[in-house]
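Below is the file upload_5.pdb, which contains PDB, C-alpha atoms, pLDDT in the B column.
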ATOM      1  CA  MET A 252      16.034 261.247  31.687  1.00 75.00           C
ATOM      2  CA  THR A 253      16.545 258.487  29.119  1.00 85.00           C
ATOM      3  CA  LYS A 254      19.976 257.049  28.298  1.00 86.00           C
ATOM      4  CA  GLN A 255      19.955 258.838  24.934  1.00 88.00           C
ATOM      5  CA  GLU A 256      19.098 262.161  26.586  1.00 92.00           C
ATOM      6  CA  LYS A 257      21.932 261.627  29.049  1.00 93.00           C
ATOM      7  CA  VAL A 258      24.351 260.865  26.226  1.00 95.00           C
ATOM      8  CA  LYS A 259      23.318 264.001  24.341  1.00 96.00           C
ATOM      9  CA  ASP A 260      23.860 266.060  27.485  1.00 96.00           C
ATOM     10  CA  ILE A 261      27.295 264.542  28.133  1.00 97.00           C
ATOM     11  CA  LEU A 262      28.296 265.147  24.510  1.00 97.00           C
ATOM     12  CA  LYS A 263      27.163 268.756  24.836  1.00 97.00           C
ATOM     13  CA  ILE A 264      29.421 269.185  27.880  1.00 97.00           C
ATOM     14  CA  LEU A 265      32.368 267.572  26.078  1.00 98.00           C
ATOM     15  CA  HIS A 266      31.801 269.757  23.000  1.00 98.00           C
ATOM     16  CA  THR A 267      31.695 272.846  25.218  1.00 98.00           C
ATOM     17  CA  TYR A 268      34.967 272.119  27.005  1.00 98.00           C
ATOM     18  CA  TYR A 269      36.876 270.652  24.038  1.00 98.00           C
ATOM     19  CA  PRO A 270      35.243 271.771  20.778  1.00 97.00           C
ATOM     20  CA  ASN A 271      38.264 271.012  18.572  1.00 96.00           C
ATOM     21  CA  PRO A 272      40.485 268.411  20.238  1.00 97.00           C
ATOM     22  CA  SER A 273      43.807 267.723  18.565  1.00 95.00           C
ATOM     23  CA  VAL A 274      45.566 264.375  18.278  1.00 95.00           C
ATOM     24  CA  PRO A 275      47.803 264.293  21.408  1.00 96.00           C
ATOM     25  CA  LEU A 276      50.602 262.169  19.935  1.00 97.00           C
ATOM     26  CA  HIS A 277      53.033 263.998  17.656  1.00 98.00           C
ATOM     27  CA  HIS A 278      53.367 262.397  14.226  1.00 98.00           C
ATOM     28  CA  LYS A 279      53.813 263.245  10.560  1.00 98.00           C
ATOM     29  CA  ASP A 280      52.383 260.175   8.847  1.00 98.00           C
ATOM     30  CA  ALA A 281      50.723 256.821   9.456  1.00 98.00           C
ATOM     31  CA  TYR A 282      53.984 255.108  10.400  1.00 98.00           C
ATOM     32  CA  THR A 283      55.094 257.622  13.026  1.00 98.00           C
ATOM     33  CA  LEU A 284      51.557 257.637  14.459  1.00 98.00           C
ATOM     34  CA  LEU A 285      51.535 253.834  14.628  1.00 98.00           C
ATOM     35  CA  ILE A 286      54.869 253.767  16.466  1.00 98.00           C
ATOM     36  CA  SER A 287      53.768 256.535  18.837  1.00 98.00           C
ATOM     37  CA  VAL A 288      50.515 254.771  19.704  1.00 98.00           C
ATOM     38  CA  LEU A 289      52.388 251.517  20.310  1.00 98.00           C
ATOM     39  CA  LEU A 290      54.742 253.353  22.669  1.00 98.00           C
ATOM     40  CA  SER A 291      51.827 254.951  24.540  1.00 96.00           C
ATOM     41  CA  ALA A 292      50.738 251.637  26.078  1.00 93.00           C
ATOM     42  CA  GLN A 293      50.974 252.130  29.855  1.00 92.00           C
ATOM     43  CA  CYS A 294      52.786 255.404  29.230  1.00 95.00           C
ATOM     44  CA  THR A 295      51.688 259.030  29.077  1.00 94.00           C
ATOM     45  CA  ASP A 296      51.379 260.848  25.763  1.00 95.00           C
ATOM     46  CA  GLU A 297      53.672 263.527  27.156  1.00 96.00           C
ATOM     47  CA  ARG A 298      56.431 260.996  27.771  1.00 98.00           C
ATOM     48  CA  VAL A 299      55.974 259.495  24.303  1.00 98.00           C
ATOM     49  CA  ASN A 300      56.214 262.929  22.684  1.00 98.00           C
ATOM     50  CA  LYS A 301      59.474 263.566  24.543  1.00 98.00           C
ATOM     51  CA  THR A 302      60.914 260.206  23.459  1.00 98.00           C
ATOM     52  CA  THR A 303      59.937 259.881  19.798  1.00 98.00           C
ATOM     53  CA  PRO A 304      62.054 262.779  18.449  1.00 98.00           C
ATOM     54  CA  SER A 305      65.226 260.842  19.307  1.00 98.00           C
ATOM     55  CA  LEU A 306      63.858 257.684  17.715  1.00 98.00           C
ATOM     56  CA  PHE A 307      62.449 259.342  14.610  1.00 98.00           C
ATOM     57  CA  LYS A 308      65.652 261.328  14.064  1.00 98.00           C
ATOM     58  CA  LEU A 309      67.336 257.977  13.401  1.00 98.00           C
ATOM     59  CA  ALA A 310      64.389 256.181  11.847  1.00 98.00           C
ATOM     60  CA  ASP A 311      61.048 257.690  10.894  1.00 98.00           C
ATOM     61  CA  ASN A 312      60.192 254.973   8.363  1.00 98.00           C
ATOM     62  CA  PRO A 313      60.294 251.163   8.386  1.00 98.00           C
ATOM     63  CA  TYR A 314      63.314 250.939   6.069  1.00 98.00           C
ATOM     64  CA  ASP A 315      65.520 252.916   8.456  1.00 98.00           C
ATOM     65  CA  MET A 316      63.984 251.290  11.530  1.00 98.00           C
ATOM     66  CA  VAL A 317      65.019 247.766  10.517  1.00 98.00           C
ATOM     67  CA  LYS A 318      68.594 249.010  10.161  1.00 98.00           C
ATOM     68  CA  LEU A 319      68.585 249.541  13.930  1.00 98.00           C
ATOM     69  CA  SER A 320      68.927 246.545  16.205  1.00 98.00           C
ATOM     70  CA  VAL A 321      66.217 245.670  18.703  1.00 98.00           C
ATOM     71  CA  ASP A 322      68.641 246.629  21.481  1.00 98.00           C
ATOM     72  CA  GLU A 323      69.287 250.042  19.915  1.00 98.00           C
ATOM     73  CA  ILE A 324      65.543 250.719  19.692  1.00 98.00           C
ATOM     74  CA  ARG A 325      65.057 249.467  23.242  1.00 98.00           C
ATOM     75  CA  GLU A 326      67.694 251.840  24.618  1.00 98.00           C
ATOM     76  CA  ILE A 327      65.991 254.859  23.025  1.00 98.00           C
ATOM     77  CA  ILE A 328      62.442 253.989  24.104  1.00 98.00           C
ATOM     78  CA  LYS A 329      63.253 252.934  27.684  1.00 98.00           C
ATOM     79  CA  PRO A 330      61.545 256.013  29.176  1.00 98.00           C
ATOM     80  CA  CYS A 331      58.222 254.755  27.767  1.00 98.00           C
ATOM     81  CA  GLY A 332      58.353 251.504  29.724  1.00 97.00           C
ATOM     82  CA  LEU A 333      57.843 247.917  28.524  1.00 97.00           C
ATOM     83  CA  SER A 334      60.842 248.498  26.259  1.00 98.00           C
ATOM     84  CA  PRO A 335      61.736 244.812  25.670  1.00 97.00           C
ATOM     85  CA  MET A 336      58.288 244.061  24.235  1.00 97.00           C
ATOM     86  CA  LYS A 337      57.866 247.392  22.448  1.00 98.00           C
ATOM     87  CA  SER A 338      61.295 247.338  20.791  1.00 98.00           C
ATOM     88  CA  LYS A 339      60.697 243.847  19.409  1.00 98.00           C
ATOM     89  CA  GLY A 340      57.276 244.949  18.197  1.00 98.00           C
ATOM     90  CA  ILE A 341      58.599 248.058  16.465  1.00 98.00           C
ATOM     91  CA  HIS A 342      61.385 246.152  14.712  1.00 98.00           C
ATOM     92  CA  GLY A 343      59.121 243.244  13.814  1.00 98.00           C
ATOM     93  CA  LEU A 344      56.257 245.298  12.412  1.00 98.00           C
ATOM     94  CA  SER A 345      58.686 247.451  10.405  1.00 98.00           C
ATOM     95  CA  LYS A 346      60.070 244.313   8.786  1.00 98.00           C
ATOM     96  CA  ILE A 347      56.558 243.084   7.938  1.00 98.00           C
ATOM     97  CA  LEU A 348      55.548 246.472   6.505  1.00 98.00           C
ATOM     98  CA  ILE A 349      58.490 246.239   4.090  1.00 98.00           C
ATOM     99  CA  GLU A 350      57.924 242.590   3.188  1.00 98.00           C
ATOM    100  CA  LYS A 351      54.131 242.616   2.852  1.00 98.00           C
ATOM    101  CA  HIS A 352      53.030 246.228   2.368  1.00 98.00           C
ATOM    102  CA  GLN A 353      55.779 247.957   0.366  1.00 98.00           C
ATOM    103  CA  GLY A 354      56.713 249.937   3.459  1.00 98.00           C
ATOM    104  CA  ASN A 355      53.230 251.381   3.865  1.00 98.00           C
ATOM    105  CA  VAL A 356      50.942 251.142   6.895  1.00 98.00           C
ATOM    106  CA  PRO A 357      47.817 249.186   5.861  1.00 98.00           C
ATOM    107  CA  ASP A 358      44.399 250.767   6.289  1.00 97.00           C
ATOM    108  CA  THR A 359      42.362 247.780   7.447  1.00 97.00           C
ATOM    109  CA  PHE A 360      41.813 246.470  10.958  1.00 97.00           C
ATOM    110  CA  GLU A 361      42.676 242.939   9.904  1.00 97.00           C
ATOM    111  CA  GLU A 362      46.062 243.842   8.457  1.00 98.00           C
ATOM    112  CA  LEU A 363      46.962 246.249  11.267  1.00 98.00           C
ATOM    113  CA  GLU A 364      46.100 243.758  13.991  1.00 97.00           C
ATOM    114  CA  GLU A 365      48.300 241.141  12.323  1.00 97.00           C
ATOM    115  CA  LEU A 366      51.344 243.310  13.046  1.00 98.00           C
ATOM    116  CA  PRO A 367      53.461 242.535  16.144  1.00 96.00           C
ATOM    117  CA  ALA A 368      52.458 244.475  19.293  1.00 95.00           C
ATOM    118  CA  VAL A 369      49.458 246.049  17.521  1.00 97.00           C
ATOM    119  CA  GLY A 370      46.184 245.352  19.275  1.00 95.00           C
ATOM    120  CA  HIS A 371      42.658 246.501  18.483  1.00 96.00           C
ATOM    121  CA  LYS A 372      42.979 249.784  20.354  1.00 95.00           C
ATOM    122  CA  THR A 373      46.206 250.748  18.574  1.00 97.00           C
ATOM    123  CA  ALA A 374      44.698 249.789  15.228  1.00 98.00           C
ATOM    124  CA  SER A 375      41.576 251.827  16.037  1.00 97.00           C
ATOM    125  CA  VAL A 376      43.620 254.953  16.758  1.00 97.00           C
ATOM    126  CA  VAL A 377      45.504 254.694  13.465  1.00 98.00           C
ATOM    127  CA  MET A 378      42.344 253.917  11.519  1.00 98.00           C
ATOM    128  CA  THR A 379      40.413 256.914  12.806  1.00 96.00           C
ATOM    129  CA  GLN A 380      43.144 259.505  13.413  1.00 96.00           C
ATOM    130  CA  TRP A 381      45.080 258.957  10.191  1.00 97.00           C
ATOM    131  CA  PHE A 382      42.862 257.113   7.733  1.00 97.00           C
ATOM    132  CA  ASP A 383      39.643 258.809   8.881  1.00 95.00           C
ATOM    133  CA  LYS A 384      37.830 255.476   9.112  1.00 96.00           C
ATOM    134  CA  ALA A 385      35.014 254.904  11.602  1.00 94.00           C
ATOM    135  CA  ALA A 386      36.462 253.629  14.882  1.00 96.00           C
ATOM    136  CA  PHE A 387      36.154 254.346  18.597  1.00 97.00           C
ATOM    137  CA  PRO A 388      39.434 253.528  20.364  1.00 96.00           C
ATOM    138  CA  VAL A 389      38.772 252.396  23.937  1.00 96.00           C
ATOM    139  CA  ASP A 390      41.644 252.086  26.390  1.00 91.00           C
ATOM    140  CA  THR A 391      41.432 251.688  30.164  1.00 90.00           C
ATOM    141  CA  HIS A 392      40.896 255.441  30.626  1.00 91.00           C
ATOM    142  CA  ILE A 393      37.947 255.649  28.225  1.00 95.00           C
ATOM    143  CA  HIS A 394      36.609 252.424  29.753  1.00 95.00           C
ATOM    144  CA  ARG A 395      36.814 253.934  33.242  1.00 94.00           C
ATOM    145  CA  LEU A 396      35.070 257.160  32.249  1.00 96.00           C
ATOM    146  CA  ALA A 397      32.275 255.374  30.382  1.00 95.00           C
ATOM    147  CA  TYR A 398      31.596 253.214  33.439  1.00 94.00           C
ATOM    148  CA  ARG A 399      31.778 256.143  35.855  1.00 93.00           C
ATOM    149  CA  TRP A 400      29.317 258.092  33.725  1.00 94.00           C
ATOM    150  CA  GLY A 401      26.920 255.165  33.483  1.00 92.00           C
ATOM    151  CA  LEU A 402      27.349 254.579  29.751  1.00 94.00           C
ATOM    152  CA  THR A 403      28.393 250.932  30.117  1.00 93.00           C
ATOM    153  CA  ASN A 404      28.260 248.170  32.698  1.00 89.00           C
ATOM    154  CA  GLY A 405      32.054 248.033  32.815  1.00 78.00           C
ATOM    155  CA  LYS A 406      32.353 244.287  32.263  1.00 86.00           C
ATOM    156  CA  SER A 407      35.058 244.604  29.607  1.00 93.00           C
ATOM    157  CA  VAL A 408      36.790 247.058  27.298  1.00 94.00           C
ATOM    158  CA  GLU A 409      35.188 245.242  24.364  1.00 94.00           C
ATOM    159  CA  GLN A 410      31.702 245.717  25.814  1.00 96.00           C
ATOM    160  CA  THR A 411      32.412 249.383  26.505  1.00 96.00           C
ATOM    161  CA  GLU A 412      33.446 249.886  22.873  1.00 97.00           C
ATOM    162  CA  ARG A 413      30.206 248.289  21.674  1.00 96.00           C
ATOM    163  CA  ASP A 414      28.136 250.401  24.072  1.00 96.00           C
ATOM    164  CA  LEU A 415      29.787 253.684  23.095  1.00 97.00           C
ATOM    165  CA  LYS A 416      29.457 252.919  19.402  1.00 97.00           C
ATOM    166  CA  ARG A 417      25.760 252.201  19.930  1.00 96.00           C
ATOM    167  CA  LEU A 418      25.101 255.348  21.976  1.00 96.00           C
ATOM    168  CA  ILE A 419      27.216 257.887  20.075  1.00 97.00           C
ATOM    169  CA  PRO A 420      26.683 258.853  16.414  1.00 96.00           C
ATOM    170  CA  GLU A 421      29.350 257.279  14.190  1.00 97.00           C
ATOM    171  CA  SER A 422      30.261 260.650  12.710  1.00 96.00           C
ATOM    172  CA  GLU A 423      31.385 261.787  16.183  1.00 96.00           C
ATOM    173  CA  TRP A 424      33.340 258.732  17.336  1.00 97.00           C
ATOM    174  CA  ASN A 425      36.822 260.112  16.718  1.00 95.00           C
ATOM    175  CA  LYS A 426      36.073 263.539  18.143  1.00 97.00           C
ATOM    176  CA  VAL A 427      34.355 262.196  21.262  1.00 97.00           C
ATOM    177  CA  HIS A 428      37.196 259.735  21.857  1.00 96.00           C
ATOM    178  CA  LEU A 429      39.658 262.639  21.938  1.00 97.00           C
ATOM    179  CA  GLN A 430      37.324 264.803  23.997  1.00 98.00           C
ATOM    180  CA  MET A 431      37.004 262.073  26.624  1.00 98.00           C
ATOM    181  CA  ILE A 432      40.799 261.766  26.833  1.00 96.00           C
ATOM    182  CA  TYR A 433      41.308 265.474  27.479  1.00 97.00           C
ATOM    183  CA  PHE A 434      38.267 265.833  29.732  1.00 97.00           C
ATOM    184  CA  GLY A 435      39.271 262.821  31.834  1.00 96.00           C
ATOM    185  CA  ARG A 436      42.763 264.183  32.400  1.00 94.00           C
ATOM    186  CA  ALA A 437      41.547 267.614  33.456  1.00 95.00           C
ATOM    187  CA  TYR A 438      38.314 266.937  35.328  1.00 95.00           C
ATOM    188  CA  CYS A 439      37.738 263.225  35.881  1.00 95.00           C
ATOM    189  CA  PRO A 440      41.040 261.494  36.758  1.00 94.00           C
ATOM    190  CA  ALA A 441      41.340 257.975  38.128  1.00 89.00           C
ATOM    191  CA  ARG A 442      43.121 259.135  41.278  1.00 89.00           C
ATOM    192  CA  GLY A 443      42.221 262.146  43.367  1.00 90.00           C
ATOM    193  CA  HIS A 444      38.892 262.523  41.625  1.00 89.00           C
ATOM    194  CA  VAL A 445      36.564 265.024  43.275  1.00 90.00           C
ATOM    195  CA  TRP A 446      33.158 264.308  41.774  1.00 89.00           C
ATOM    196  CA  ALA A 447      31.706 267.644  42.904  1.00 90.00           C
ATOM    197  CA  GLU A 448      34.307 269.467  40.773  1.00 92.00           C
ATOM    198  CA  CYS A 449      33.715 267.437  37.614  1.00 95.00           C
ATOM    199  CA  PRO A 450      31.155 269.059  35.270  1.00 95.00           C
ATOM    200  CA  ILE A 451      29.752 265.633  34.347  1.00 95.00           C
ATOM    201  CA  CYS A 452      30.017 263.718  37.617  1.00 93.00           C
ATOM    202  CA  LYS A 453      28.596 266.491  39.780  1.00 91.00           C
ATOM    203  CA  LYS A 454      25.490 266.449  37.619  1.00 86.00           C
ATOM    204  CA  TYR A 455      24.903 262.721  37.329  1.00 81.00           C
ATOM    205  CA  LEU A 456      26.391 261.407  40.551  1.00 72.00           C
ATOM    206  CA  ARG A 457      24.389 263.929  42.530  1.00 58.00           C
ATOM    207  CA  LYS A 458      21.241 262.751  40.791  1.00 52.00           C
ATOM    208  CA  ALA A 459      22.187 259.131  41.437  1.00 47.00           C
ATOM    209  CA  LEU A 460      22.720 259.876  45.119  1.00 45.00           C
ATOM    210  CA  LYS A 461      19.307 261.552  45.333  1.00 44.00           C
ATOM    211  CA  ASP A 462      17.643 258.643  43.553  1.00 38.00           C
TER     212      ASP A 462
END

Let me see the structure of the file written as structure tokens.
Amino acid sequence: MTKQEKVKDILKILHTYYPNPSVPLHHKDAYTLLISVLLSAQCTDERVNKTTPSLFKLADNPYDMVKLSVDEIREIIKPCGLSPMKSKGIHGLSKILIEKHQGNVPDTFEELEELPAVGHKTASVVMTQWFDKAAFPVDTHIHRLAYRWGLTNGKSVEQTERDLKRLIPESEWNKVHLQMIYFGRAYCPARGHVWAECPICKKYLRKALKD
């Protein structure tokens, strides 16, 4: 089986299990999505979704957010972890959005990645999930799955992103990214993974063991 045939088969499995994956982080616009993705760093989506209602009740736009102090933001987002860094990032990027972008979230990678606490992965999520631009967000979970499934050599997150973009049709990047998130949680976790119970691993790891 060629690499492309393997990719097509894996995509078929993902499409079967998660044909219409939804965006896991609750949001109503580009700004609330951006803040939610920033908060999700080293934190579960479930925890973020439980935390953001309290934050967004006070400030769901950059103009209201800058009225809060960094300490006030930090106190609200503590459950998400890394609150000192995240609270400074949220306050700082809100200020920049007002000063440079009329309060709007920009729709280019360059402008997004210039914002405090916004890296390439966060920018990629906003670009594809809100602005519908071609992007394939790769975090440590996607990186781990791609390596486990033999789709990348695992040398770096950046290399994994390049490999996945090369192997998967651009029109499917956003959908497959979400499918991998849900599939990984349910069937292919980092800890306690039983390869014989994973629809993808039991097929390809068994073949690898035979080879």

Residues matched by the PyMOL selection byres ((chain A and resi 373-382) around 7), written as a PyMOL selection string: chain A and resi 281+284-285+288-289+358+360+363-364+369-372+383-388+425

Near-region 390-398 of chain A list (10 Å; all atoms listed in the file; drop same-chain fewer than 5 positions) as a PyMOL selection string: chain A and resi 292-293+371-373+403-412+414-415+428-429+431-432+434-436+439-441+452

Six-sided padding of 3 Å per side, axis-aligned box over region 393-412 of chain A, centre and edges in Å, one decimal, as lines of an AutoDock Vina configuration file:
center_x = 32.4
center_y = 251.2
center_z = 29.4
size_x = 17.0
size_y = 19.8
size_z = 19.0

Residue neighbourhood Met336 (chain A), 10 Å, all atoms listed in the file, exclusion window fewer than 3 positions, as JSON, numbers by chain: {"A": [321, 325, 332, 333, 339, 340, 341, 367, 368]}

Two-atom distance - CA of Ile349 (chain A), CA of Lys329 (chain A) (Å): 25.0 Å

Protein and nucleic acid residues near (59.7, 253.8, 32.8) (cut-off 12 Å, all atoms listed in the file) as a ChimeraX atom specification: /A:290-295,298-299,302,325-335

Would you mind exporting C-alpha atoms of the selected residues as a PDB file, in the coordinates of the input?
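And here is the file that came out, again.pdb:
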ATOM      1  CA  LEU A 290      54.742 253.353  22.669  1.00 98.00           C
ATOM      2  CA  SER A 291      51.827 254.951  24.540  1.00 96.00           C
ATOM      3  CA  ALA A 292      50.738 251.637  26.078  1.00 93.00           C
ATOM      4  CA  GLN A 293      50.974 252.130  29.855  1.00 92.00           C
ATOM      5  CA  CYS A 294      52.786 255.404  29.230  1.00 95.00           C
ATOM      6  CA  THR A 295      51.688 259.030  29.077  1.00 94.00           C
ATOM      7  CA  ARG A 298      56.431 260.996  27.771  1.00 98.00           C
ATOM      8  CA  VAL A 299      55.974 259.495  24.303  1.00 98.00           C
ATOM      9  CA  THR A 302      60.914 260.206  23.459  1.00 98.00           C
ATOM     10  CA  ARG A 325      65.057 249.467  23.242  1.00 98.00           C
ATOM     11  CA  GLU A 326      67.694 251.840  24.618  1.00 98.00           C
ATOM     12  CA  ILE A 327      65.991 254.859  23.025  1.00 98.00           C
ATOM     13  CA  ILE A 328      62.442 253.989  24.104  1.00 98.00           C
ATOM     14  CA  LYS A 329      63.253 252.934  27.684  1.00 98.00           C
ATOM     15  CA  PRO A 330      61.545 256.013  29.176  1.00 98.00           C
ATOM     16  CA  CYS A 331      58.222 254.755  27.767  1.00 98.00           C
ATOM     17  CA  GLY A 332      58.353 251.504  29.724  1.00 97.00           C
ATOM     18  CA  LEU A 333      57.843 247.917  28.524  1.00 97.00           C
ATOM     19  CA  SER A 334      60.842 248.498  26.259  1.00 98.00           C
ATOM     20  CA  PRO A 335      61.736 244.812  25.670  1.00 97.00           C
TER      21      PRO A 335
END

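The spacing separating CA of Pro270 (chain A) from CA of Val427 (chain A) amounts to 9.6 Å.
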
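In this structure, CA of Lys301 (chain A) sits 29.0 Å away from CA of Gln353 (chain A).
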
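Summary of the local environment: counting only C-alpha atoms, residues at most 8 Å from region 354-357 of chain A, other than itself and those fewer than 4 positions away along its chain, are Ala281, Tyr282, Asn312, Pro313, Tyr314, Ser345, Leu348, Ile349, Glu350, Glu362 and Leu363 of chain A.
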
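For the file shown, the residue list from the PyMOL selection byres ((chain A and resi 310) around 12) reads Tyr282, Thr283, Ile286, Thr303, Pro304, Ser305, Leu306, Phe307, Lys308, Leu309, Asp311, Asn312, Pro313, Tyr314, Asp315, Met316, Val317, Lys318, Leu319, Ser320, Glu323, Ile324, Ile327, Ile341, His342 and Ser345 of chain A.
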
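In this comparison, which uses only C-alpha atoms, the residue of A:Ile419, A:Leu366, A:Leu402, A:Leu276 approaching Lys259 (chain A) most closely is A:Ile419.
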
Best match for closeness to Ala437 (chain A) among A:Gly401, A:Glu365, A:Tyr269, A:Lys263, counting only C-alpha atoms: A:Tyr269
